[in-house]
Amino acid sequence: MPSTPPPEVYVAGVGLTPVGEHWNVSLRELALEAIEAARADAGGLRPQALFAANMLAPALSGQTHLGVLLADSAGLRGIEATSFEAAGASGGVALRQAYLAVRSGLIEVALVIGVEKITDRVGPAVEAARSMAGDADHEAVQGLTPAAQAGLLMRRYLHESGAPEDALAGFAVNAHANGLMSDHAFLRRAISVEDYRQAPREDDPLNLFDVAPLADGAAALLLTRRAALPSGGRPDVRVAGSSVATAATALHDQADMLGLSAAAESARRARLQAGVESDQISLFELHDAYSVFAPLSLEAGGFAERGQGWRLAAGGQIGLTGPYPICTFGGSKARGEVGGATGVYQAAEVVLQLQGRAGKNQVAGASTGLAQCLGGAGATAATHIFVAE
């Protein structure tokens, strides 16, 4: 007898909180706000499984066992609930596992919730916690923070590409222009190339506008089969491609630190599964926690040749009306860097674009969107491709 094909996976609903410094809101409360919004958007669907993404709660909020905590708090006691941690790629990894659960046919409705509460601690404790995403024995112990890693990558990128010192200005300018119009972005103000040039240095050659602000936020998605989708008169959005790939944790163990091999491989697999090429992607939500990861991700994803990704920003090609729209709601640079929740925010933003619900941030005619989040200095990469039907 012929085998039954696995069910296709669709996004039934999305919910997200405004990103910012939510001093008087708890980790749990942030997550519940996003969960309730996603369930309402999905017509009240009840999940059979919850997949929680978080990077820093054990270190900053004193909380482990997050999946169970959120399931219980959301009135879902008794369902399967699991937590996922893969540094900045946690959200994409949790989404991947939820996708596999629905695709397997064992789960009909899966809830993905990404949440981060940076402001539960302040000062050096935050940077120390974030540094645990690197190789503790060989990087963190030497004081190599995420910003320092990004500074090393940017210096090497400028050297190999021959790009000028202000080559990455266009990425920050674009992110802020998009964040200005986004209801959920943290930084809602425009900047100019001259602002970038005058900004104070952080980890040389990084300046202030190369570094995304750390912030609190939560985003949620409900995944299901097509038959269970609510009727709402909006395009159905299918998860057409899903992949996670890994590379060496430590920068010094990567054969080509500028190649982002995990990002390239996960993007290749996702494109292969979805049956699309890079030039068929309407928008790309990439992980710009530091600006250097924008050109590196564009190059790894097949949107630009090696060492040429910076030219897309310098030439104004990455804006909402350009051929390569990226970070359409501001990305990490203007939306805010929400750690383990990043991948879920990206996915929700792609869905809003494909359903024509992006408001002033809408990419005209968007039909296919790619979301990719990175853990560490590209050690983990989770890539998802969404298609409007």
# chains A, B, ... in the order shown; residues from 1 in each chain; ligands from 1

call {"tool": "closest_atom_pairs", "arguments": {"of": "stretch 170-252 of chain A", "to": "stretch 301-311 of chain A", "cutoff": "12 Å", "atoms": "only C-alpha atoms", "output": "Markdown table"}}
result
| residue | atom | partner | partner_atom | distance |
| --- | --- | --- | --- | --- |
| A:Gly170 | CA | A:Trp310 | CA | 8.1 |
| A:Phe171 | CA | A:Trp310 | CA | 8.2 |
| A:Ala172 | CA | A:Trp310 | CA | 11.5 |

call {"tool": "write_last_selection", "arguments": {"atoms": "C-alpha atoms", "output": "mmCIF file, in the first residue's frame"}}
result
data_model
loop_
_atom_site.group_PDB
_atom_site.id
_atom_site.type_symbol
_atom_site.label_atom_id
_atom_site.label_comp_id
_atom_site.auth_asym_id
_atom_site.auth_seq_id
_atom_site.Cartn_x
_atom_site.Cartn_y
_atom_site.Cartn_z
ATOM 1 C CA GLY A 170 23.765 51.166 5.489
ATOM 2 C CA PHE A 171 22.698 48.190 7.584
ATOM 3 C CA ALA A 172 22.179 50.322 10.691
#

call {"tool": "closest_residue", "arguments": {"among": "A:Pro7, A:Gly179, A:Gly13, A:Gly78", "to": "A:Pro235", "atoms": "only C-alpha atoms"}}
result
A:Gly13

call {"tool": "closest_residue", "arguments": {"among": "A:Ala87, A:Leu370, A:Leu50, A:Leu76", "to": "A:Glu277", "atoms": "only C-alpha atoms"}}
result
A:Leu370

call {"tool": "atom_distance", "arguments": {"atom1": "atom CA of A:Leu251", "atom2": "atom CA of A:Arg96"}}
result
25.1 Å

call {"tool": "residues_around", "arguments": {"residues": "A:Val126", "least_positions_apart": "4", "cutoff": "9 Å", "atoms": "only C-alpha atoms", "output": "PyMOL selection string"}}
result
chain A and resi 56+59-60+118-119+121-122+130-131

call {"tool": "closest_residue", "arguments": {"among": "A:Leu283, A:Leu258, A:Val344, A:Ala219", "to": "A:Cys327", "atoms": "only C-alpha atoms"}}
result
A:Leu283

call {"tool": "decode", "arguments": {"residues": "stretch 311-347 of chain A", "atoms": "N, CA and C atoms", "output": "PDB file, in the first residue's frame"}}
result
ATOM      1  N   ARG A 311      27.976  45.793  -0.057  1.00  0.00           N
ATOM      2  CA  ARG A 311      27.586  46.657  -1.170  1.00  0.00           C
ATOM      3  C   ARG A 311      26.068  46.735  -1.334  1.00  0.00           C
ATOM      4  N   LEU A 312      25.343  45.702  -0.896  1.00  0.00           N
ATOM      5  CA  LEU A 312      23.884  45.746  -0.988  1.00  0.00           C
ATOM      6  C   LEU A 312      23.329  46.862  -0.112  1.00  0.00           C
ATOM      7  N   ALA A 313      23.944  47.047   1.061  1.00  0.00           N
ATOM      8  CA  ALA A 313      23.504  48.132   1.946  1.00  0.00           C
ATOM      9  C   ALA A 313      23.988  49.479   1.430  1.00  0.00           C
ATOM     10  N   ALA A 314      25.228  49.537   1.003  1.00  0.00           N
ATOM     11  CA  ALA A 314      25.781  50.797   0.505  1.00  0.00           C
ATOM     12  C   ALA A 314      25.029  51.277  -0.730  1.00  0.00           C
ATOM     13  N   GLY A 315      24.492  50.333  -1.502  1.00  0.00           N
ATOM     14  CA  GLY A 315      23.760  50.688  -2.707  1.00  0.00           C
ATOM     15  C   GLY A 315      22.272  50.845  -2.506  1.00  0.00           C
ATOM     16  N   GLY A 316      21.818  50.778  -1.253  1.00  0.00           N
ATOM     17  CA  GLY A 316      20.405  50.984  -0.962  1.00  0.00           C
ATOM     18  C   GLY A 316      19.490  49.881  -1.450  1.00  0.00           C
ATOM     19  N   GLN A 317      20.006  48.649  -1.532  1.00  0.00           N
ATOM     20  CA  GLN A 317      19.217  47.551  -2.084  1.00  0.00           C
ATOM     21  C   GLN A 317      18.487  46.716  -1.037  1.00  0.00           C
ATOM     22  N   ILE A 318      18.641  47.056   0.250  1.00  0.00           N
ATOM     23  CA  ILE A 318      18.070  46.206   1.300  1.00  0.00           C
ATOM     24  C   ILE A 318      16.838  46.813   1.956  1.00  0.00           C
ATOM     25  N   GLY A 319      16.374  47.952   1.453  1.00  0.00           N
ATOM     26  CA  GLY A 319      15.193  48.599   2.016  1.00  0.00           C
ATOM     27  C   GLY A 319      13.904  47.891   1.646  1.00  0.00           C
ATOM     28  N   LEU A 320      12.807  48.367   2.177  1.00  0.00           N
ATOM     29  CA  LEU A 320      11.511  47.724   1.964  1.00  0.00           C
ATOM     30  C   LEU A 320      11.114  47.681   0.495  1.00  0.00           C
ATOM     31  N   THR A 321      11.580  48.624  -0.295  1.00  0.00           N
ATOM     32  CA  THR A 321      11.246  48.653  -1.718  1.00  0.00           C
ATOM     33  C   THR A 321      12.398  48.172  -2.594  1.00  0.00           C
ATOM     34  N   GLY A 322      13.468  47.707  -1.985  1.00  0.00           N
ATOM     35  CA  GLY A 322      14.623  47.238  -2.741  1.00  0.00           C
ATOM     36  C   GLY A 322      14.479  45.789  -3.152  1.00  0.00           C
ATOM     37  N   PRO A 323      15.437  45.274  -3.906  1.00  0.00           N
ATOM     38  CA  PRO A 323      15.369  43.875  -4.343  1.00  0.00           C
ATOM     39  C   PRO A 323      15.678  42.866  -3.246  1.00  0.00           C
ATOM     40  N   TYR A 324      16.305  43.308  -2.150  1.00  0.00           N
ATOM     41  CA  TYR A 324      16.681  42.395  -1.068  1.00  0.00           C
ATOM     42  C   TYR A 324      16.243  42.957   0.286  1.00  0.00           C
ATOM     43  N   PRO A 325      14.955  43.073   0.559  1.00  0.00           N
ATOM     44  CA  PRO A 325      14.516  43.634   1.847  1.00  0.00           C
ATOM     45  C   PRO A 325      14.973  42.761   3.016  1.00  0.00           C
ATOM     46  N   ILE A 326      15.617  43.381   3.987  1.00  0.00           N
ATOM     47  CA  ILE A 326      16.033  42.650   5.187  1.00  0.00           C
ATOM     48  C   ILE A 326      15.588  43.421   6.425  1.00  0.00           C
ATOM     49  N   CYS A 327      15.465  42.690   7.535  1.00  0.00           N
ATOM     50  CA  CYS A 327      15.160  43.315   8.830  1.00  0.00           C
ATOM     51  C   CYS A 327      13.997  44.291   8.685  1.00  0.00           C
ATOM     52  N   THR A 328      12.881  43.796   8.176  1.00  0.00           N
ATOM     53  CA  THR A 328      11.805  44.684   7.730  1.00  0.00           C
ATOM     54  C   THR A 328      11.067  45.384   8.864  1.00  0.00           C
ATOM     55  N   PHE A 329      11.209  44.908  10.084  1.00  0.00           N
ATOM     56  CA  PHE A 329      10.635  45.587  11.249  1.00  0.00           C
ATOM     57  C   PHE A 329      11.729  46.192  12.133  1.00  0.00           C
ATOM     58  N   GLY A 330      12.942  46.248  11.604  1.00  0.00           N
ATOM     59  CA  GLY A 330      14.047  46.841  12.350  1.00  0.00           C
ATOM     60  C   GLY A 330      15.141  45.880  12.734  1.00  0.00           C
ATOM     61  N   GLY A 331      14.885  44.563  12.616  1.00  0.00           N
ATOM     62  CA  GLY A 331      15.900  43.596  12.997  1.00  0.00           C
ATOM     63  C   GLY A 331      16.312  43.749  14.449  1.00  0.00           C
ATOM     64  N   SER A 332      17.329  43.030  14.843  1.00  0.00           N
ATOM     65  CA  SER A 332      17.810  43.154  16.220  1.00  0.00           C
ATOM     66  C   SER A 332      18.309  44.563  16.505  1.00  0.00           C
ATOM     67  N   LYS A 333      18.837  45.242  15.485  1.00  0.00           N
ATOM     68  CA  LYS A 333      19.424  46.567  15.695  1.00  0.00           C
ATOM     69  C   LYS A 333      18.403  47.590  16.162  1.00  0.00           C
ATOM     70  N   ALA A 334      17.177  47.548  15.640  1.00  0.00           N
ATOM     71  CA  ALA A 334      16.171  48.533  16.041  1.00  0.00           C
ATOM     72  C   ALA A 334      15.000  47.897  16.778  1.00  0.00           C
ATOM     73  N   ARG A 335      14.602  46.696  16.380  1.00  0.00           N
ATOM     74  CA  ARG A 335      13.576  45.995  17.154  1.00  0.00           C
ATOM     75  C   ARG A 335      14.066  45.755  18.564  1.00  0.00           C
ATOM     76  N   GLY A 336      15.354  45.397  18.659  1.00  0.00           N
ATOM     77  CA  GLY A 336      15.955  45.038  19.931  1.00  0.00           C
ATOM     78  C   GLY A 336      16.437  43.603  19.884  1.00  0.00           C
ATOM     79  N   GLU A 337      17.577  43.345  20.526  1.00  0.00           N
ATOM     80  CA  GLU A 337      18.140  42.001  20.569  1.00  0.00           C
ATOM     81  C   GLU A 337      17.536  41.248  21.749  1.00  0.00           C
ATOM     82  N   VAL A 338      16.692  40.281  21.438  1.00  0.00           N
ATOM     83  CA  VAL A 338      15.928  39.557  22.460  1.00  0.00           C
ATOM     84  C   VAL A 338      16.439  38.128  22.651  1.00  0.00           C
ATOM     85  N   GLY A 339      17.717  37.912  22.383  1.00  0.00           N
ATOM     86  CA  GLY A 339      18.353  36.643  22.692  1.00  0.00           C
ATOM     87  C   GLY A 339      17.628  35.440  22.141  1.00  0.00           C
ATOM     88  N   GLY A 340      17.211  34.548  23.040  1.00  0.00           N
ATOM     89  CA  GLY A 340      16.577  33.304  22.640  1.00  0.00           C
ATOM     90  C   GLY A 340      15.220  33.455  22.003  1.00  0.00           C
ATOM     91  N   ALA A 341      14.627  34.632  22.074  1.00  0.00           N
ATOM     92  CA  ALA A 341      13.322  34.862  21.442  1.00  0.00           C
ATOM     93  C   ALA A 341      13.451  35.355  20.010  1.00  0.00           C
ATOM     94  N   THR A 342      14.669  35.650  19.565  1.00  0.00           N
ATOM     95  CA  THR A 342      14.872  36.278  18.260  1.00  0.00           C
ATOM     96  C   THR A 342      14.239  35.492  17.126  1.00  0.00           C
ATOM     97  N   GLY A 343      14.488  34.196  17.067  1.00  0.00           N
ATOM     98  CA  GLY A 343      13.984  33.391  15.963  1.00  0.00           C
ATOM     99  C   GLY A 343      12.477  33.364  15.868  1.00  0.00           C
ATOM    100  N   VAL A 344      11.796  33.460  17.003  1.00  0.00           N
ATOM    101  CA  VAL A 344      10.330  33.456  16.983  1.00  0.00           C
ATOM    102  C   VAL A 344       9.820  34.815  16.515  1.00  0.00           C
ATOM    103  N   TYR A 345      10.461  35.892  16.962  1.00  0.00           N
ATOM    104  CA  TYR A 345      10.109  37.221  16.437  1.00  0.00           C
ATOM    105  C   TYR A 345      10.272  37.254  14.918  1.00  0.00           C
ATOM    106  N   GLN A 346      11.396  36.755  14.432  1.00  0.00           N
ATOM    107  CA  GLN A 346      11.647  36.768  12.991  1.00  0.00           C
ATOM    108  C   GLN A 346      10.547  36.029  12.238  1.00  0.00           C
ATOM    109  N   ALA A 347      10.189  34.843  12.726  1.00  0.00           N
ATOM    110  CA  ALA A 347       9.159  34.048  12.059  1.00  0.00           C
ATOM    111  C   ALA A 347       7.820  34.771  12.069  1.00  0.00           C
TER     112      ALA A 347
END
